[in-house]
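Engineer: So I've got this file, target.cif, and it contains mmCIF, C-alpha atoms:
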data_query
#
loop_
_atom_site.label_atom_id
_atom_site.label_comp_id
_atom_site.auth_asym_id
_atom_site.auth_seq_id
_atom_site.Cartn_x
_atom_site.Cartn_y
_atom_site.Cartn_z
CA ASP A 1 65.57 61.80 86.23
CA VAL A 2 65.35 65.34 87.54
CA LYS A 3 68.60 66.52 88.99
CA VAL A 4 68.91 69.45 91.36
CA THR A 5 72.42 70.24 92.48
CA GLN A 6 73.68 72.65 95.10
CA SER A 7 77.13 74.21 94.99
CA SER A 8 78.31 73.13 98.43
CA ARG A 9 77.35 70.37 100.85
CA TYR A 10 78.97 72.05 103.85
CA LEU A 11 79.91 75.67 104.37
CA VAL A 12 81.37 77.52 107.34
CA LYS A 13 81.25 81.31 107.32
CA ARG A 14 81.92 84.10 109.80
CA THR A 15 79.34 86.54 111.12
CA GLY A 16 78.98 89.50 108.77
CA GLU A 17 80.26 87.71 105.67
CA LYS A 18 78.29 87.74 102.42
CA VAL A 19 77.30 84.19 101.51
CA PHE A 20 76.21 82.82 98.14
CA LEU A 21 74.39 79.49 97.82
CA GLU A 22 73.86 78.25 94.30
CA CYS A 23 71.33 75.82 92.90
CA VAL A 24 71.13 74.36 89.41
CA GLN A 25 68.42 72.14 87.91
CA ASP A 26 68.64 70.33 84.62
CA MET A 27 64.99 69.68 83.74
CA ASP A 28 63.91 73.06 82.41
CA HIS A 29 61.65 73.68 85.40
CA GLU A 30 60.03 77.09 85.59
CA ASN A 31 59.66 77.22 89.38
CA MET A 32 62.54 77.21 91.81
CA PHE A 33 62.48 77.46 95.59
CA TRP A 34 64.77 78.00 98.57
CA TYR A 35 63.89 76.48 101.94
CA ARG A 36 65.65 76.17 105.23
CA GLN A 37 65.23 73.16 107.46
CA ASP A 38 65.56 73.44 111.23
CA PRO A 39 64.83 70.79 113.89
CA GLY A 40 61.26 70.98 115.12
CA LEU A 41 60.29 73.52 112.46
CA GLY A 42 60.28 71.44 109.28
CA LEU A 43 60.98 73.14 105.96
CA ARG A 44 60.20 76.83 105.68
CA LEU A 45 60.06 78.70 102.38
CA ILE A 46 62.49 81.62 102.08
CA TYR A 47 62.03 82.74 98.46
CA PHE A 48 60.80 81.32 95.20
CA SER A 49 61.01 82.22 91.54
CA TYR A 50 58.55 81.36 88.77
CA ASP A 51 60.61 82.76 85.88
CA VAL A 52 63.94 84.33 85.04
CA LYS A 53 64.45 87.58 86.94
CA MET A 54 61.17 87.03 88.81
CA LYS A 55 61.09 86.42 92.55
CA GLU A 56 58.59 86.34 95.35
CA LYS A 57 59.03 86.29 99.12
CA GLY A 58 58.20 83.18 101.01
CA ASP A 59 57.44 82.87 104.70
CA ILE A 60 60.83 83.91 106.11
CA PRO A 61 62.63 86.22 103.63
CA GLU A 62 64.25 88.53 106.20
CA GLY A 63 68.03 88.58 105.91
CA TYR A 64 68.03 86.88 102.51
CA SER A 65 67.88 87.87 98.86
CA VAL A 66 67.84 85.82 95.66
CA SER A 67 68.91 86.04 92.06
CA ARG A 68 67.69 84.20 88.99
CA GLU A 69 69.52 85.33 85.85
CA LYS A 70 69.15 82.02 84.01
CA LYS A 71 66.27 79.55 84.05
CA GLU A 72 68.34 76.70 85.42
CA ARG A 73 70.08 78.62 88.19
CA PHE A 74 68.73 80.13 91.41
CA SER A 75 71.01 81.74 93.96
CA LEU A 76 70.35 82.51 97.61
CA ILE A 77 72.32 85.39 99.11
CA LEU A 78 72.91 86.14 102.76
CA GLU A 79 73.95 89.79 102.68
CA SER A 80 75.50 89.73 106.16
CA ALA A 81 75.48 86.27 107.70
CA SER A 82 74.36 85.91 111.30
CA THR A 83 74.53 82.97 113.68
CA ASN A 84 70.75 82.49 113.54
CA GLN A 85 71.14 81.68 109.84
CA THR A 86 73.01 78.50 110.71
CA SER A 87 70.80 75.88 109.11
CA MET A 88 70.30 73.31 106.35
CA TYR A 89 69.38 75.07 103.10
CA LEU A 90 67.43 73.16 100.49
CA CYS A 91 66.74 74.14 96.91
CA ALA A 92 63.81 72.69 94.94
CA SER A 93 62.29 73.02 91.49
CA SER A 94 59.03 72.16 89.78
CA LEU A 95 57.20 72.48 86.48
CA VAL A 96 54.60 75.22 86.28
CA ASP A 97 51.86 72.70 85.42
CA ARG A 98 53.03 70.14 88.01
CA ARG A 99 53.44 72.62 90.80
CA ASN A 100 52.79 70.16 93.58
CA GLU A 101 55.76 67.98 92.60
CA GLN A 102 58.88 69.63 93.89
CA TYR A 103 62.28 68.02 93.42
CA PHE A 104 64.90 68.79 96.01
CA GLY A 105 68.66 69.12 95.94
CA PRO A 106 70.88 67.46 98.56
CA GLY A 107 71.08 70.54 100.76
CA THR A 108 73.84 72.80 102.04
CA ARG A 109 74.66 72.70 105.74
CA LEU A 110 75.68 76.29 106.57
CA THR A 111 77.35 77.11 109.86
CA VAL A 112 77.84 80.76 110.77
CA THR A 113 80.35 81.33 113.58
CA ASP B 1 50.93 79.59 112.90
CA GLN B 2 51.73 75.98 112.12
CA GLN B 3 49.16 74.98 109.51
CA VAL B 4 50.57 71.47 109.13
CA LYS B 5 51.52 69.60 112.28
CA GLN B 6 53.26 66.33 112.90
CA ASN B 7 52.88 65.90 116.63
CA SER B 8 55.15 62.89 117.02
CA PRO B 9 58.81 63.90 116.68
CA SER B 10 59.88 60.27 116.53
CA LEU B 11 58.56 56.73 116.06
CA SER B 12 60.31 53.45 116.70
CA VAL B 13 59.05 50.23 115.08
CA GLN B 14 60.21 46.63 114.76
CA GLU B 15 61.04 45.32 111.31
CA GLY B 16 58.03 43.65 109.68
CA ARG B 17 55.48 45.57 111.73
CA ILE B 18 53.32 48.49 110.62
CA SER B 19 54.55 52.09 110.89
CA ILE B 20 51.85 54.75 111.15
CA LEU B 21 52.87 58.39 110.79
CA ASN B 22 50.29 61.07 111.47
CA CYS B 23 49.73 64.60 110.25
CA ASP B 24 47.08 67.21 111.10
CA TYR B 25 46.27 70.38 109.20
CA THR B 26 44.16 73.44 109.85
CA ASN B 27 43.71 75.10 106.45
CA SER B 28 40.66 73.78 104.58
CA MET B 29 42.00 75.33 101.35
CA PHE B 30 44.68 72.65 101.04
CA ASP B 31 43.79 70.51 98.02
CA TYR B 32 46.67 68.07 97.75
CA PHE B 33 48.80 66.30 100.32
CA LEU B 34 52.22 64.71 99.99
CA TRP B 35 54.68 62.71 102.03
CA TYR B 36 58.40 63.23 101.58
CA LYS B 37 61.16 61.06 102.95
CA LYS B 38 64.56 62.44 103.91
CA TYR B 39 67.77 60.60 104.68
CA PRO B 40 70.60 62.41 106.48
CA ALA B 41 72.75 64.55 104.15
CA GLU B 42 70.23 64.19 101.32
CA GLY B 43 67.34 66.29 100.10
CA PRO B 44 63.74 65.18 100.65
CA THR B 45 62.38 62.80 98.03
CA PHE B 46 58.74 62.45 97.10
CA LEU B 47 57.11 59.31 98.46
CA ILE B 48 53.34 59.35 97.92
CA SER B 49 50.52 61.84 97.55
CA ILE B 50 46.76 62.15 97.73
CA SER B 51 44.27 64.55 96.28
CA SER B 52 41.66 66.07 98.56
CA ILE B 53 38.92 64.35 96.55
CA LYS B 54 40.17 60.91 97.60
CA ASP B 55 40.41 59.22 100.97
CA LYS B 56 43.06 56.62 100.21
CA ASN B 57 46.03 56.12 97.91
CA GLU B 58 48.22 53.06 97.85
CA ASP B 59 51.66 52.44 96.35
CA GLY B 60 53.27 49.16 97.26
CA ARG B 61 54.05 49.10 100.96
CA PHE B 62 52.92 52.71 101.39
CA THR B 63 49.33 53.86 101.88
CA VAL B 64 48.15 57.35 102.66
CA PHE B 65 44.75 57.94 104.24
CA LEU B 66 42.95 61.28 104.27
CA ASN B 67 40.14 62.18 106.67
CA LYS B 68 38.96 65.60 105.52
CA SER B 69 36.35 66.05 108.23
CA ALA B 70 39.05 65.54 110.87
CA LYS B 71 41.70 67.38 108.82
CA HIS B 72 43.99 64.44 109.37
CA LEU B 73 46.15 62.27 107.19
CA SER B 74 48.30 59.29 107.93
CA LEU B 75 50.99 57.28 106.20
CA HIS B 76 51.04 53.51 106.72
CA ILE B 77 54.13 51.48 105.90
CA VAL B 78 53.59 47.72 105.86
CA PRO B 79 55.79 45.82 106.40
CA SER B 80 58.37 48.23 107.77
CA GLN B 81 62.00 47.68 106.76
CA PRO B 82 65.24 49.02 108.27
CA GLY B 83 65.82 50.99 105.05
CA ASP B 84 62.65 52.96 105.82
CA SER B 85 64.46 54.63 108.72
CA ALA B 86 64.44 58.34 107.79
CA VAL B 87 62.69 61.61 108.54
CA TYR B 88 59.19 61.79 107.06
CA PHE B 89 57.65 65.14 106.22
CA CYS B 90 53.99 65.68 105.57
CA ALA B 91 53.25 68.55 103.16
CA ALA B 92 50.07 70.25 102.02
CA PHE B 93 49.60 72.04 98.72
CA THR B 94 47.57 75.13 97.98
CA GLY B 95 46.98 75.56 94.27
CA GLY B 96 45.52 79.03 94.57
CA THR B 97 48.75 80.88 93.90
CA SER B 98 50.71 81.09 90.65
CA TYR B 99 53.49 78.89 91.91
CA GLY B 100 51.55 76.65 94.24
CA LYS B 101 52.77 76.61 97.80
CA LEU B 102 53.87 73.57 99.78
CA THR B 103 53.51 73.88 103.55
CA PHE B 104 55.52 71.32 105.49
CA GLY B 105 55.09 69.74 108.88
CA GLN B 106 57.92 69.49 111.38
CA GLY B 107 58.87 65.96 110.42
CA THR B 108 58.82 62.59 112.22
CA ILE B 109 61.97 60.52 112.64
CA LEU B 110 61.14 56.88 111.92
CA THR B 111 63.51 54.20 113.20
CA VAL B 112 62.89 50.62 112.11
CA HIS B 113 64.82 48.10 114.23
CA PRO B 114 65.96 44.78 112.69
#
Rewrite the coordinates I just gave you, this time as structure tokens.

Structural biologist:
Amino acid sequence: DVKVTQSSRYLVKRTGEKVFLECVQDMDHENMFWYRQDPGLGLRLIYFSYDVKMKEKGDIPEGYSVSREKKERFSLILESASTNQTSMYLCASSLVDRRNEQYFGPGTRLTVT
Amino acid sequence: DQQVKQNSPSLSVQEGRISILNCDYTNSMFDYFLWYKKYPAEGPTFLISISSIKDKNEDGRFTVFLNKSAKHLSLHIVPSQPGDSAVYFCAAFTGGTSYGKLTFGQGTILTVHP
């Protein structure tokens, strides 16, 4: 079974703080993704990575950055958290030759006050 | 520009009856479609998929239908069970990029009443 874990289930941060969200997968997947889920908007892709140290912007990258130093780990960074970044953040991973099958972590509910 | 749309935010069904969840898309380049199910406080889990070369795929109680000319797909759950109560996301896949992009709909909250 593929397992994708995220470092925190719930997080509360103050406006302006730097926030790190971590994701780890244990199935040697090449691709990793960060989404945010908001009511009425579904899941929107923030960033993805197809290899170590490689990253590409998704649909809504503004205000975010990412880091992938090891194959199994993909971090999402909010450089200066704002209240409009309050959301559910979901990490996913997939094999490069099974790109349509993404496996998701449990999510991190981030509240920025 | 919402390329994948689920126009019903919620659906309520009696246990044992059929649940039909609908999804419309606009991009004719989508070549694979998936349904994900999400319980509160959990990540989405893959439920069923269909390639654009097929019009139907069945897996137990779940059947997905694809109407390419109408750019419409639907998920049928028969019979519906209370444990099916969750948010259902339709997603469309474009294989044209190196990583393959999934585009998600807004989700439909399904409630199955005992």

Engineer: What is the CA of Ile109 (chain B) to CA of Val4 (chain B) distance in Å?

Structural biologist: 16.2 Å

Engineer: Identify all chain A residues at most 7 Å from chain B by counting only C-alpha atoms; ligands do not count. Present them as number ranges by chain.

Structural biologist: A: 31, 40-43, 50, 90, 96, 99-100, 103-107

Engineer: Rounded to one decimal in Å, what is the spacing between CA of Trp35 (chain B) and CA of Leu110 (chain A)?

Structural biologist: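 Calculated distance between CA of Trp35 (chain B) and CA of Leu110 (chain A) is 25.4 Å.
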
Engineer: Please determine the residues with any atom at most 7 Å from (69.7, 81.1, 94.9) (coordinates as given in the file, with only C-alpha atoms counting) and report them as a ChimeraX atom specification.

Structural biologist: /A:21-23,34,66-68,74-77

Engineer: Using only C-alpha atoms, list the residues that have an atom at most 6 Å from (78.1, 71.0, 102.7), coordinates as in the file, as a ChimeraX atom specification.

Structural biologist: /A:8-11,108-109

Engineer: Would you mind exporting C-alpha atoms of the selected residues as a PDB file, keeping the file's coordinate frame?

Structural biologist:
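Output saved as again28.pdb:
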ATOM      1  CA  SER A   8      78.310  73.130  98.430  1.00  0.00           C
ATOM      2  CA  ARG A   9      77.350  70.370 100.850  1.00  0.00           C
ATOM      3  CA  TYR A  10      78.970  72.050 103.850  1.00  0.00           C
ATOM      4  CA  LEU A  11      79.910  75.670 104.370  1.00  0.00           C
ATOM      5  CA  THR A 108      73.840  72.800 102.040  1.00  0.00           C
ATOM      6  CA  ARG A 109      74.660  72.700 105.740  1.00  0.00           C
TER       7      ARG A 109
END

Engineer: Just give me the gap between CA of Lys68 (chain B) and CA of Ser80 (chain B) in Å, one decimal is fine.

Structural biologist: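 About the pair CA of Lys68 (chain B) and CA of Ser80 (chain B): they are 26.1 Å apart.
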
Engineer: Using the chain letters and numbers from the file, which residues does the PyMOL selection byres ((chain B and resi 110-113) around 10) grab, as an MDAnalysis selection string?

Structural biologist: chainID B and resid 8:21 37 80:88 107:109 114

Engineer: What would the selection look like, as an MDAnalysis selection string, if the PyMOL selection byres ((chain B and resi 61) around 8) were run on the coordinates I just shared?

Structural biologist: chainID B and resid 58:60 62:63 76:79

Engineer: Generate N, CA and C atoms for region 12-43 of chain B and emit them as a tab-separated table (two decimals), keeping the file's coordinate frame.

Structural biologist:
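Result saved to part.tsv:
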chain	number	residue	atom	x	y	z
B	12	SER	N	59.42	54.60	116.77
B	12	SER	CA	60.31	53.45	116.70
B	12	SER	C	59.46	52.19	116.48
B	13	VAL	N	59.85	51.38	115.48
B	13	VAL	CA	59.05	50.23	115.08
B	13	VAL	C	59.97	49.03	114.82
B	14	GLN	N	59.46	47.85	115.06
B	14	GLN	CA	60.21	46.63	114.76
B	14	GLN	C	60.04	46.27	113.29
B	15	GLU	N	61.10	45.77	112.71
B	15	GLU	CA	61.04	45.32	111.31
B	15	GLU	C	59.88	44.34	111.11
B	16	GLY	N	59.15	44.53	110.00
B	16	GLY	CA	58.03	43.65	109.68
B	16	GLY	C	56.69	44.13	110.21
B	17	ARG	N	56.73	45.06	111.18
B	17	ARG	CA	55.48	45.57	111.73
B	17	ARG	C	55.02	46.79	110.93
B	18	ILE	N	53.87	47.32	111.29
B	18	ILE	CA	53.32	48.49	110.62
B	18	ILE	C	53.86	49.77	111.26
B	19	SER	N	54.21	50.75	110.42
B	19	SER	CA	54.55	52.09	110.89
B	19	SER	C	53.39	53.00	110.50
B	20	ILE	N	52.92	53.79	111.43
B	20	ILE	CA	51.85	54.75	111.15
B	20	ILE	C	52.34	56.14	111.55
B	21	LEU	N	52.44	57.01	110.54
B	21	LEU	CA	52.87	58.39	110.79
B	21	LEU	C	51.67	59.30	110.57
B	22	ASN	N	51.49	60.23	111.48
B	22	ASN	CA	50.29	61.07	111.47
B	22	ASN	C	50.59	62.53	111.17
B	23	CYS	N	49.59	63.20	110.64
B	23	CYS	CA	49.73	64.60	110.25
B	23	CYS	C	48.36	65.27	110.38
B	24	ASP	N	48.32	66.44	110.97
B	24	ASP	CA	47.08	67.21	111.10
B	24	ASP	C	47.26	68.56	110.41
B	25	TYR	N	46.19	69.09	109.85
B	25	TYR	CA	46.27	70.38	109.20
B	25	TYR	C	45.08	71.24	109.60
B	26	THR	N	45.23	72.53	109.41
B	26	THR	CA	44.16	73.44	109.85
B	26	THR	C	43.51	74.18	108.68
B	27	ASN	N	44.21	74.29	107.56
B	27	ASN	CA	43.71	75.10	106.45
B	27	ASN	C	42.85	74.26	105.51
B	28	SER	N	41.56	74.56	105.43
B	28	SER	CA	40.66	73.78	104.58
B	28	SER	C	40.86	74.07	103.10
B	29	MET	N	41.73	75.03	102.76
B	29	MET	CA	42.00	75.33	101.35
B	29	MET	C	43.05	74.38	100.75
B	30	PHE	N	43.71	73.61	101.57
B	30	PHE	CA	44.68	72.65	101.04
B	30	PHE	C	43.94	71.65	100.14
B	31	ASP	N	44.48	71.41	98.93
B	31	ASP	CA	43.79	70.51	98.02
B	31	ASP	C	44.62	69.30	97.58
B	32	TYR	N	45.81	69.19	98.13
B	32	TYR	CA	46.67	68.07	97.75
B	32	TYR	C	47.64	67.87	98.89
B	33	PHE	N	47.92	66.60	99.19
B	33	PHE	CA	48.80	66.30	100.32
B	33	PHE	C	49.89	65.33	99.88
B	34	LEU	N	51.08	65.53	100.41
B	34	LEU	CA	52.22	64.71	99.99
B	34	LEU	C	53.00	64.25	101.22
B	35	TRP	N	53.69	63.16	101.05
B	35	TRP	CA	54.68	62.71	102.03
B	35	TRP	C	56.04	62.68	101.34
B	36	TYR	N	57.02	63.25	102.04
B	36	TYR	CA	58.40	63.23	101.58
B	36	TYR	C	59.23	62.46	102.61
B	37	LYS	N	60.26	61.83	102.11
B	37	LYS	CA	61.16	61.06	102.95
B	37	LYS	C	62.54	61.69	102.83
B	38	LYS	N	63.25	61.80	103.95
B	38	LYS	CA	64.56	62.44	103.91
B	38	LYS	C	65.57	61.63	104.71
B	39	TYR	N	66.63	61.23	104.00
B	39	TYR	CA	67.77	60.60	104.68
B	39	TYR	C	68.76	61.69	105.07
B	40	PRO	N	69.58	61.42	106.10
B	40	PRO	CA	70.60	62.41	106.48
B	40	PRO	C	71.49	62.78	105.30
B	41	ALA	N	71.84	64.04	105.18
B	41	ALA	CA	72.75	64.55	104.15
B	41	ALA	C	72.18	64.41	102.74
B	42	GLU	N	70.87	64.19	102.63
B	42	GLU	CA	70.23	64.19	101.32
B	42	GLU	C	69.01	65.09	101.35
B	43	GLY	N	68.57	65.52	100.16
B	43	GLY	CA	67.34	66.29	100.10
B	43	GLY	C	66.12	65.40	100.23
